[in-house]
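J.: File name query_28.cif; file contents mmCIF, C-alpha atoms; full text below.
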data_my_file
loop_
_atom_site.label_atom_id
_atom_site.label_comp_id
_atom_site.auth_asym_id
_atom_site.auth_seq_id
_atom_site.Cartn_x
_atom_site.Cartn_y
_atom_site.Cartn_z
CA MET K 104 -60.20 41.31 132.65
CA SER K 105 -63.67 40.51 133.88
CA GLN K 106 -66.50 41.31 131.49
CA ALA K 107 -69.08 38.57 131.01
CA GLU K 108 -72.00 40.58 129.64
CA THR K 109 -72.82 40.94 125.99
CA CYS K 110 -75.17 43.35 124.26
CA PRO K 111 -78.83 42.20 124.21
CA ARG K 112 -80.06 41.31 120.73
CA GLU K 113 -82.84 43.89 120.73
CA TYR K 114 -80.21 46.65 120.51
CA LEU K 115 -78.65 45.04 117.45
CA ARG K 116 -81.95 44.81 115.53
CA ARG K 117 -82.74 48.52 115.59
CA PRO K 118 -82.11 50.67 112.46
CA ASP K 119 -78.87 52.64 112.42
CA GLU K 120 -80.54 56.04 112.20
CA GLU K 121 -82.69 55.28 115.22
CA LEU K 122 -79.61 54.16 117.16
CA ILE K 123 -77.66 57.29 116.18
CA GLN K 124 -80.47 59.55 117.36
CA ALA K 125 -80.75 57.66 120.64
CA ILE K 126 -76.98 57.86 121.23
CA ARG K 127 -76.98 61.58 120.56
CA ALA K 128 -79.89 62.04 122.96
CA VAL K 129 -78.03 60.24 125.77
CA LYS K 130 -74.87 62.27 125.07
CA ALA K 131 -76.85 65.51 125.22
CA GLN K 132 -78.53 64.48 128.48
CA LYS K 133 -75.42 63.18 130.25
CA GLY K 134 -73.05 65.85 128.99
CA GLU K 135 -69.58 65.83 130.50
CA THR K 136 -70.22 62.79 132.68
CA ILE K 137 -69.45 60.52 129.70
CA THR K 138 -66.55 60.31 127.25
CA ILE K 139 -66.59 58.08 124.18
CA LEU K 140 -63.20 56.99 122.86
CA GLY K 141 -63.11 55.74 119.26
CA HIS K 142 -60.19 53.90 117.68
CA HIS K 143 -59.22 54.83 114.12
CA TYR K 144 -60.24 51.37 112.87
CA GLN K 145 -63.86 51.78 113.97
CA ASP K 146 -66.71 52.18 111.52
CA ALA K 147 -67.37 55.74 110.37
CA ALA K 148 -70.64 55.97 112.32
CA ILE K 149 -68.84 55.15 115.60
CA ILE K 150 -66.08 57.64 114.80
CA ALA K 151 -68.65 60.38 114.19
CA LEU K 152 -70.10 59.83 117.66
CA SER K 153 -66.76 59.64 119.50
CA ASP K 154 -65.47 62.48 121.65
CA PHE K 155 -61.83 61.49 121.12
CA ILE K 156 -60.38 59.60 118.14
CA GLY K 157 -56.94 58.07 117.89
CA ASP K 158 -54.68 55.06 117.95
CA SER K 159 -54.25 52.84 121.01
CA PHE K 160 -51.54 55.06 122.49
CA LYS K 161 -53.42 58.34 122.12
CA LEU K 162 -56.62 56.85 123.50
CA CYS K 163 -54.75 55.43 126.49
CA ARG K 164 -53.44 58.92 127.18
CA ASP K 165 -56.94 60.37 126.66
CA ALA K 166 -58.32 57.87 129.18
CA ALA K 167 -55.64 58.87 131.69
CA ARG K 168 -56.59 62.54 131.26
CA ALA K 169 -60.37 62.11 131.08
CA SER K 170 -62.48 63.90 133.68
CA ALA K 171 -65.73 62.09 132.85
CA LYS K 172 -67.06 59.53 135.30
CA TYR K 173 -67.91 57.08 132.51
CA ILE K 174 -65.42 56.20 129.75
CA ILE K 175 -66.86 54.19 126.87
CA PHE K 176 -64.04 52.57 124.88
CA CYS K 177 -64.87 51.68 121.28
CA GLY K 178 -61.93 49.48 120.41
CA VAL K 179 -60.67 45.99 121.19
CA ARG K 180 -60.23 44.37 124.59
CA PHE K 181 -56.59 45.23 125.36
CA MET K 182 -57.35 48.92 124.80
CA ALA K 183 -60.24 48.88 127.26
CA GLU K 184 -58.06 47.05 129.78
CA SER K 185 -55.35 49.69 129.50
CA ALA K 186 -57.92 52.46 129.90
CA ARG K 187 -59.17 50.79 133.08
CA VAL K 188 -55.61 50.61 134.42
CA VAL K 189 -54.78 54.29 133.82
CA ALA K 190 -58.20 55.72 134.76
CA ARG K 191 -58.98 56.96 138.26
CA PRO K 192 -60.54 54.47 140.73
CA ASP K 193 -63.78 56.49 140.80
CA GLN K 194 -64.17 56.29 137.03
CA VAL K 195 -65.96 53.48 135.20
CA VAL K 196 -64.57 52.08 131.92
CA GLN K 197 -67.06 50.28 129.70
CA HIS K 198 -66.34 48.14 126.64
CA PRO K 199 -69.33 47.66 124.33
CA GLU K 200 -68.48 44.14 123.17
CA ALA K 201 -66.78 41.47 125.28
CA THR K 202 -65.91 39.36 122.22
CA ALA K 203 -63.99 42.18 120.53
CA GLY K 204 -60.56 40.81 121.33
CA CYS K 205 -57.21 40.96 119.53
CA PRO K 206 -55.83 37.71 118.04
CA MET K 207 -52.26 39.01 118.21
CA ALA K 208 -52.60 39.90 121.90
CA ASP K 209 -53.86 36.37 122.50
CA MET K 210 -50.72 34.90 120.90
CA ALA K 211 -48.77 35.54 124.11
CA ASP K 212 -50.43 34.30 127.27
CA ILE K 213 -48.88 34.74 130.69
CA GLU K 214 -48.00 31.05 131.17
CA GLN K 215 -46.06 30.95 127.89
CA VAL K 216 -44.28 34.21 128.66
CA GLU K 217 -43.27 33.12 132.15
CA GLU K 218 -41.94 29.83 130.76
CA ALA K 219 -39.91 31.67 128.10
CA TRP K 220 -38.62 34.12 130.73
CA LYS K 221 -37.49 31.27 132.96
CA ILE K 222 -35.67 29.52 130.11
CA LEU K 223 -34.04 32.68 128.76
CA THR K 224 -32.94 33.80 132.21
CA ALA K 225 -31.32 30.43 132.86
CA MET K 226 -29.56 30.56 129.48
CA GLN K 227 -27.88 33.93 129.98
CA GLY K 228 -24.14 33.31 130.18
CA GLU K 229 -21.69 34.95 132.57
CA ARG K 230 -20.08 38.16 131.37
CA PRO K 231 -16.35 38.79 131.86
CA GLN K 232 -17.18 41.12 134.76
CA GLY K 233 -18.81 38.20 136.51
CA ARG K 234 -22.47 39.26 136.27
CA ARG K 235 -25.21 37.69 134.24
CA ARG K 236 -26.74 39.38 131.22
CA ARG K 237 -29.90 41.20 132.17
CA ILE K 238 -33.10 40.72 130.16
CA VAL K 239 -35.55 43.61 129.91
CA PRO K 240 -39.11 42.82 128.76
CA VAL K 241 -40.81 45.20 126.34
CA THR K 242 -44.40 44.58 125.32
CA TYR K 243 -46.35 46.17 122.54
CA MET K 244 -49.51 48.01 123.55
CA ASN K 245 -51.37 45.26 121.68
CA SER K 246 -51.04 42.77 124.53
CA ASP K 247 -53.05 41.34 127.39
CA VAL K 248 -53.07 43.28 130.66
CA GLU K 249 -51.29 40.39 132.40
CA ILE K 250 -48.40 40.70 129.95
CA LYS K 251 -48.18 44.42 130.69
CA ALA K 252 -48.16 43.59 134.40
CA PHE K 253 -45.38 41.04 133.79
CA CYS K 254 -43.30 43.79 132.19
CA GLY K 255 -44.05 46.14 135.05
CA ARG K 256 -42.92 43.56 137.64
CA ASN K 257 -39.70 42.85 135.75
CA GLY K 258 -38.53 46.40 135.10
CA GLY K 259 -39.89 46.57 131.58
CA VAL K 260 -42.06 48.91 129.57
CA VAL K 261 -45.03 49.05 127.23
CA CYS K 262 -44.45 50.60 123.82
CA THR K 263 -46.45 51.65 120.79
CA SER K 264 -45.52 51.51 117.13
CA SER K 265 -44.71 55.22 117.33
CA ASN K 266 -42.22 54.99 120.21
CA ALA K 267 -40.93 51.40 119.85
CA ALA K 268 -37.43 52.57 118.86
CA ARG K 269 -37.24 54.81 121.94
CA ALA K 270 -38.46 51.94 124.08
CA PHE K 271 -35.74 49.67 122.67
CA GLU K 272 -33.10 52.30 123.43
CA TRP K 273 -34.52 52.70 126.94
CA ALA K 274 -34.41 48.93 127.51
CA TRP K 275 -30.89 48.46 126.13
CA ARG K 276 -29.62 51.11 128.54
CA ARG K 277 -30.90 48.90 131.35
CA GLY K 278 -29.90 45.47 130.09
CA GLU K 279 -28.17 43.48 127.40
CA THR K 280 -31.15 41.53 126.02
CA ILE K 281 -34.66 42.63 125.10
CA LEU K 282 -37.57 40.19 125.07
CA PHE K 283 -40.15 41.84 122.84
CA LEU K 284 -43.81 40.76 122.93
CA PRO K 285 -45.95 39.80 121.06
CA ASP K 286 -45.41 41.07 117.46
CA GLU K 287 -42.48 39.60 115.57
CA HIS K 288 -42.76 42.03 112.66
CA LEU K 289 -42.85 45.25 114.68
CA GLY K 290 -39.91 43.89 116.64
CA VAL K 291 -37.83 43.13 113.54
CA ASN K 292 -38.71 46.42 111.82
CA THR K 293 -37.85 48.39 114.97
CA ALA K 294 -34.54 46.52 115.25
CA VAL K 295 -33.63 47.48 111.69
CA GLN K 296 -34.57 51.09 112.44
CA SER K 297 -32.23 50.87 115.45
CA GLY K 298 -29.32 49.65 113.30
CA MET K 299 -29.56 45.88 113.71
CA ALA K 300 -29.44 43.43 110.83
CA PRO K 301 -32.69 41.42 110.50
CA GLU K 302 -30.77 38.15 110.69
CA ASP K 303 -29.42 39.10 114.13
CA VAL K 304 -32.92 39.13 115.62
CA LEU K 305 -33.94 35.81 117.17
CA VAL K 306 -37.57 34.68 117.10
CA TRP K 307 -38.97 32.83 120.11
CA ASP K 308 -41.65 30.31 119.13
CA PRO K 309 -43.86 29.60 122.19
CA ALA K 310 -45.08 26.41 120.54
CA ARG K 311 -41.62 24.84 120.85
CA PRO K 312 -39.88 26.19 123.98
CA GLN K 313 -37.84 23.03 124.51
CA GLN K 314 -36.36 23.31 121.02
CA GLU K 315 -35.53 26.99 121.50
CA GLU K 316 -33.88 26.11 124.82
CA ARG K 317 -31.33 24.04 122.90
CA ASP K 318 -30.42 26.99 120.64
CA GLU K 319 -27.34 28.53 122.24
CA ARG K 320 -27.75 31.78 120.31
CA PHE K 321 -30.49 32.84 122.76
CA ALA K 322 -27.86 33.01 125.52
CA THR K 323 -26.20 36.08 123.98
CA ALA K 324 -28.96 37.59 121.83
CA ASP K 325 -29.45 41.34 121.91
CA LEU K 326 -33.08 41.01 120.86
CA VAL K 327 -35.55 38.16 121.09
CA VAL K 328 -38.96 38.74 119.50
CA TRP K 329 -42.09 36.70 120.10
CA LYS K 330 -43.58 34.75 117.21
CA GLY K 331 -46.82 36.72 116.93
CA TYR K 332 -48.46 38.81 114.23
CA CYS K 333 -51.40 41.03 113.28
CA HIS K 334 -53.44 39.38 110.54
CA VAL K 335 -54.62 42.79 109.32
CA HIS K 336 -51.05 43.75 108.45
CA THR K 337 -49.56 40.40 107.42
CA HIS K 338 -52.24 40.51 104.72
CA PHE K 339 -50.01 42.93 102.80
CA THR K 340 -47.39 41.54 100.41
CA LEU K 341 -44.45 42.64 98.32
CA ASP K 342 -46.46 41.89 95.17
CA GLN K 343 -49.12 44.35 96.31
CA VAL K 344 -46.51 47.09 96.72
CA GLN K 345 -45.12 46.36 93.26
CA ARG K 346 -48.59 46.38 91.69
CA ALA K 347 -49.38 49.70 93.36
CA ARG K 348 -46.22 51.24 91.93
CA ALA K 349 -47.11 49.98 88.46
CA GLN K 350 -50.71 51.20 88.69
CA TYR K 351 -49.91 54.56 90.35
CA PRO K 352 -46.51 55.79 89.13
CA GLY K 353 -45.04 58.33 91.52
CA ALA K 354 -47.36 57.38 94.37
CA HIS K 355 -46.10 57.41 97.94
CA VAL K 356 -46.46 53.98 99.57
CA ILE K 357 -46.78 54.01 103.35
CA VAL K 358 -47.38 50.93 105.50
CA HIS K 359 -47.72 50.06 109.16
CA PRO K 360 -44.62 48.56 110.85
CA GLU K 361 -46.66 45.49 111.81
CA CYS K 362 -46.27 44.48 108.15
CA PRO K 363 -43.65 41.84 107.22
CA ARG K 364 -40.10 43.11 106.78
CA GLU K 365 -40.06 42.80 102.98
CA VAL K 366 -43.20 44.95 102.70
CA VAL K 367 -41.79 47.67 104.96
CA ALA K 368 -38.48 47.61 103.07
CA ALA K 369 -40.28 48.06 99.74
CA ALA K 370 -42.47 50.94 100.92
CA ASP K 371 -41.45 54.61 100.79
CA SER K 372 -42.18 54.99 104.49
CA ASN K 373 -43.73 53.21 107.43
CA GLY K 374 -45.33 54.47 110.56
CA SER K 375 -47.89 54.05 113.30
CA THR K 376 -51.58 54.63 112.72
CA ALA K 377 -51.11 58.20 113.94
CA ALA K 378 -48.16 58.68 111.56
CA ILE K 379 -50.23 57.45 108.62
CA VAL K 380 -53.02 59.88 109.52
CA ARG K 381 -50.46 62.68 109.80
CA ARG K 382 -48.88 61.82 106.41
CA VAL K 383 -52.27 62.07 104.73
CA ALA K 384 -53.03 65.37 106.47
CA GLU K 385 -49.75 66.78 105.13
CA ALA K 386 -50.24 65.52 101.56
CA ALA K 387 -50.42 68.06 98.75
CA PRO K 388 -53.56 68.22 96.57
CA GLY K 389 -53.18 65.87 93.62
CA GLU K 390 -50.77 63.53 95.40
CA THR K 391 -51.40 59.79 95.38
CA ILE K 392 -50.85 57.76 98.55
CA CYS K 393 -51.11 53.99 98.72
CA ILE K 394 -51.68 52.79 102.29
CA GLY K 395 -51.11 49.42 103.89
CA THR K 396 -53.29 49.36 106.98
CA GLU K 397 -56.86 48.65 108.11
CA ILE K 398 -59.48 49.47 105.47
CA ASN K 399 -61.89 51.47 107.69
CA LEU K 400 -59.14 54.00 108.34
CA VAL K 401 -58.00 54.14 104.70
CA SER K 402 -61.59 54.67 103.51
CA ARG K 403 -62.20 57.43 106.05
CA LEU K 404 -58.99 59.24 105.12
CA ALA K 405 -60.03 59.08 101.45
CA ARG K 406 -63.39 60.65 102.28
CA GLU K 407 -61.81 63.36 104.40
CA ARG K 408 -59.31 64.41 101.72
CA PRO K 409 -60.96 63.96 98.31
CA GLU K 410 -58.34 66.22 96.69
CA VAL K 411 -55.71 63.56 97.47
CA LYS K 412 -55.93 60.17 95.78
CA ILE K 413 -55.84 57.68 98.64
CA VAL K 414 -56.00 53.98 97.85
CA PRO K 415 -55.45 50.82 99.91
CA LEU K 416 -52.69 48.44 98.92
CA SER K 417 -55.42 45.86 99.42
CA PRO K 418 -58.59 45.92 101.53
CA SER K 419 -57.82 44.45 104.98
CA LEU K 420 -60.53 44.56 107.64
CA CYS K 421 -60.15 44.07 111.39
CA PRO K 422 -63.25 41.97 112.16
CA ASN K 423 -62.78 42.37 115.90
CA MET K 424 -63.00 46.16 115.68
CA ALA K 425 -66.15 45.65 113.61
CA ARG K 426 -67.79 43.87 116.54
CA ILE K 427 -68.34 47.26 118.17
CA THR K 428 -71.69 48.44 116.81
CA LEU K 429 -74.07 51.34 117.25
CA GLY K 430 -76.34 48.99 119.19
CA SER K 431 -73.65 47.92 121.64
CA LEU K 432 -72.57 51.54 122.11
CA LEU K 433 -76.13 52.59 122.95
CA TRP K 434 -76.40 49.66 125.37
CA CYS K 435 -73.40 50.98 127.30
CA LEU K 436 -74.79 54.50 127.35
CA GLU K 437 -78.23 53.44 128.54
CA CYS K 438 -76.74 51.18 131.22
CA LEU K 439 -74.00 53.48 132.52
CA GLY K 440 -71.73 51.90 135.09
CA GLU K 441 -73.00 48.39 134.37
CA ALA K 442 -73.04 47.31 130.73
CA GLY K 443 -69.64 46.01 129.65
CA ALA K 444 -67.93 47.35 132.78
CA VAL K 445 -64.21 46.50 132.68
CA ARG K 446 -62.58 45.17 135.83
CA VAL K 447 -58.89 44.36 136.33
CA ASP K 448 -57.43 42.62 139.38
CA PRO K 449 -55.88 45.36 141.57
CA GLU K 450 -52.48 43.66 141.79
CA ILE K 451 -52.30 43.15 138.04
CA ALA K 452 -53.47 46.72 137.48
CA ARG K 453 -50.75 48.06 139.79
CA ASP K 454 -47.96 46.28 137.91
CA ALA K 455 -49.42 47.09 134.49
CA LEU K 456 -49.72 50.76 135.46
CA SER K 457 -45.99 51.01 136.15
CA ALA K 458 -45.19 49.72 132.64
CA LEU K 459 -47.82 51.97 131.04
CA GLN K 460 -46.55 55.02 132.90
CA ARG K 461 -43.06 54.34 131.53
CA MET K 462 -44.61 54.26 128.05
CA LEU K 463 -46.31 57.61 128.58
CA GLU K 464 -43.04 59.09 129.84
CA LEU K 465 -41.24 57.93 126.66
CA SER K 466 -43.72 59.65 124.35
#
In C-alpha cells, how does this file's structure come out?
T.:
Amino acid sequence: MSQAETCPREYLRRPDEELIQAIRAVKAQKGETITILGHHYQDAAIIALSDFIGDSFKLCRDAARASAKYIIFCGVRFMAESARVVARPDQVVQHPEATAGCPMADMADIEQVEEAWKILTAMQGERPQGRRRRIVPVTYMNSDVEIKAFCGRNGGVVCTSSNAARAFEWAWRRGETILFLPDEHLGVNTAVQSGMAPEDVLVWDPARPQQEERDERFATADLVVWKGYCHVHTHFTLDQVQRARAQYPGAHVIVHPECPREVVAAADSNGSTAAIVRRVAEAAPGETICIGTEINLVSRLARERPEVKIVPLSPSLCPNMARITLGSLLWCLECLGEAGAVRVDPEIARDALSALQRMLELS
C-alpha cells in the first residue's frame, strides 16, 4: 500500500472540542459524498463521528456497499487496504494515519509466506491415488494486502473470526491441507471448534523454515498455522479468568478467539468482536459479563448498557488503533482525495479481491 503522508502537527495541537465542531461542519457541508467508517476499537469520540461502526469484516462489507465518493477509514492499515480493494475505482479511500499498522499482520510478509509455501508444497507426499496433497491457503482478515493476494492467486480465501470455521470447511473441501495465516491462536481455536485436537495442529515458525522443513509431520498435516499473534489478546491469561470468576461469581466470561487456547477453553464463550457486541446487547439487566478484548470497546459497551455490569478481564489497549485521532480525521476531511489516500497495485488488488469476495460469499 502506498501512503507516505502523515497528519501535519497543527491538526494534532487543536483542542478536541474545536476538532469535533470542525469535523461536524465538514460532514454537514459534504453530506453524502463522504462516509466515515469507525472500527469498534477506536476512541469514543471517533466512534461518535462515524457513519458506520463495526469489526473489520463488517466495515469491509460497508466499504464495498458505500455510495460515497470518499471513504475515510478509521482503523488500522490492513482494513484501509481491504476497503481500497473492494471499493469502486472512482471512489477514494483515505486512512488518517499511515503509522497505524497491525503488528500481527506484519508477522507474515510475502517473502516468508512464499518460502513456506514452496517448502510445504515440496513436502506433500503422494497419495495412494497417485496425486499430491493439495494445500489451500486461508488468511485472516488481519493480514497485509499482499498476503490476501497470495491467497487469491492460489485458490484460497480470506476469513474473519466470525466465519473462520466456515472458511476451514470450505478449504478442506478443496484440499487436504490448510495453511492458515497469520494468527496461531485463532487457527488453533478454530481447529478445536471444527473437531480437531489442539496437538494435531502444526505451527509453522517463519524464523526457522529450514528446521520445519526437516519435520516430516508437515508432509501430511491437515492444518498448519503461522506463528503469529495479536498482543491485545495474548495479554489475557488463565489466571485472569480465574480471578474474574472469584471476584464476580456467576459472571459470564467471553473472550476473543485470538486469545491463547487455555484462555478460550476456560471462558464460558468466545466470539468475534461483533459476537461480543451482540452478547452484551442480549444481556439481561443485572447480569455480569467479563470480557477479554480491547479496552476501548469494553469501556464503550459498559457506558452503553449501565444496567449490565461489564468489566474487562484486564485492560488491554491497541496502541495502533489509538493513532487515529480527531486531528488526523479532520485532516482527511479537509483534504478530500489527497490526505492519506490509499493506493494498492492493480495486480495485487485484483488477486486480493478474489479472496475477499470468497470471504463475503461465506458470510
J.: Name every residue that the PyMOL selection byres ((chain K and resi 341) around 8) selects in this structure, writing the answer as a list in words with chains first and numbers rising.
T.: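 Given this file, the PyMOL selection byres ((chain K and resi 341) around 8) evaluates to Phe339, Thr340, Asp342, Gln343, Val344, Gln345, Glu365, Val366 and Ala369 of chain K.
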J.: Using only C-alpha atoms, which protein or nucleic acid residues come within 9 Å of stretch 423-435 of chain K? Drop anything in the same chain fewer than 3 positions from it, and give the result as a ChimeraX atom specification.
T.: /K:109-117,119,122-123,125-126,129,142,144-146,148-149,175,177-179,197-200,202-206,420,438-444
J.: In Å, how far is it from atom CA of K:Asp448 to atom CA of K:Tyr332?
T.: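 Interatomic distance here is 27.0 Å.
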J.: Do you know which residues lie at most 8 Å from (-28.5, 41.0, 128.2), with coordinates as in the file and all atoms listed in the file counted, and could you write them as a PyMOL selection string?
T.: chain K and resi 227+235-239+278-281+323-325
J.: Going by the chain IDs and residue numbers used in this file, which residues fall under the PyMOL selection byres ((chain K and resi 194) around 6)? Write them as a list in words.
T.: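 With the shown file as input, the PyMOL selection byres ((chain K and resi 194) around 6) matches Lys172, Tyr173, Arg191, Pro192, Asp193 and Val195 of chain K.
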J.: Applying 10 Å and all atoms listed in the file, which residues near K:Ser457 remain after dropping the ones on its own chain fewer than 3 positions away? List them as a compact mmCIF listing (two decimals) with C-alpha atoms, keeping the file's coordinate frame.
T.:
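Output saved as selection_19.txt:
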# COMPACT_ATOMS: atom_id res chain seq x y z
CA VAL K 188 -55.61 50.61 134.42
CA VAL K 189 -54.78 54.29 133.82
CA LYS K 251 -48.18 44.42 130.69
CA ALA K 252 -48.16 43.59 134.40
CA CYS K 254 -43.30 43.79 132.19
CA GLY K 255 -44.05 46.14 135.05
CA ARG K 256 -42.92 43.56 137.64
CA GLY K 258 -38.53 46.40 135.10
CA GLY K 259 -39.89 46.57 131.58
CA VAL K 260 -42.06 48.91 129.57
CA VAL K 261 -45.03 49.05 127.23
CA ALA K 452 -53.47 46.72 137.48
CA ARG K 453 -50.75 48.06 139.79
CA ASP K 454 -47.96 46.28 137.91
CA GLN K 460 -46.55 55.02 132.90
CA ARG K 461 -43.06 54.34 131.53
CA MET K 462 -44.61 54.26 128.05
J.: So what does the PyMOL selection byres ((chain K and resi 187) around 8) actually pick up in this one, as JSON, numbers by chain?
T.: {"K": [183, 184, 185, 186, 188, 189, 190, 195, 196, 445, 446, 447]}
J.: So, with all atoms listed in the file as the atoms that count, which of K:Ala354, K:Ala387, K:Ile250, K:Val327 lies closest to K:Phe271?
T.: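 Looking only at the distances to K:Phe271, the closest residue turns out to be K:Val327.
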J.: Could you give me, as a list in words, the residues that have an atom at most 8 Å away from the point (-46.1, 54.5, 101.9) in the coordinates of the file, using all atoms listed in the file?
T.: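 Output: His355, Val356, Ile357, Val358, Ala370, Asp371, Ser372, Asn373, Ile392, Cys393, Ile394 and Gly395 of chain K.
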J.: Contacts of stretch 288-291 of chain K at 6 Å or less, counting all atoms listed in the file, minus same-chain residues fewer than 2 places along, as a ChimeraX atom specification?
T.: /K:286,293-294,328,360-361,363
J.: Using only C-alpha atoms, pick whichever of K:Arg311, K:Arg276, K:Arg406, K:Arg320 has the shortest atom-to-atom distance to K:Glu218.
T.: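 When distances to K:Glu218 are compared using only C-alpha atoms, the smallest one comes from K:Arg311.
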J.: Distance atom CA of K:Ala268-atom CA of K:Ala211, one decimal place?
T.: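 Atom CA of K:Ala211 lies at a distance of 21.1 Å from atom CA of K:Ala268.
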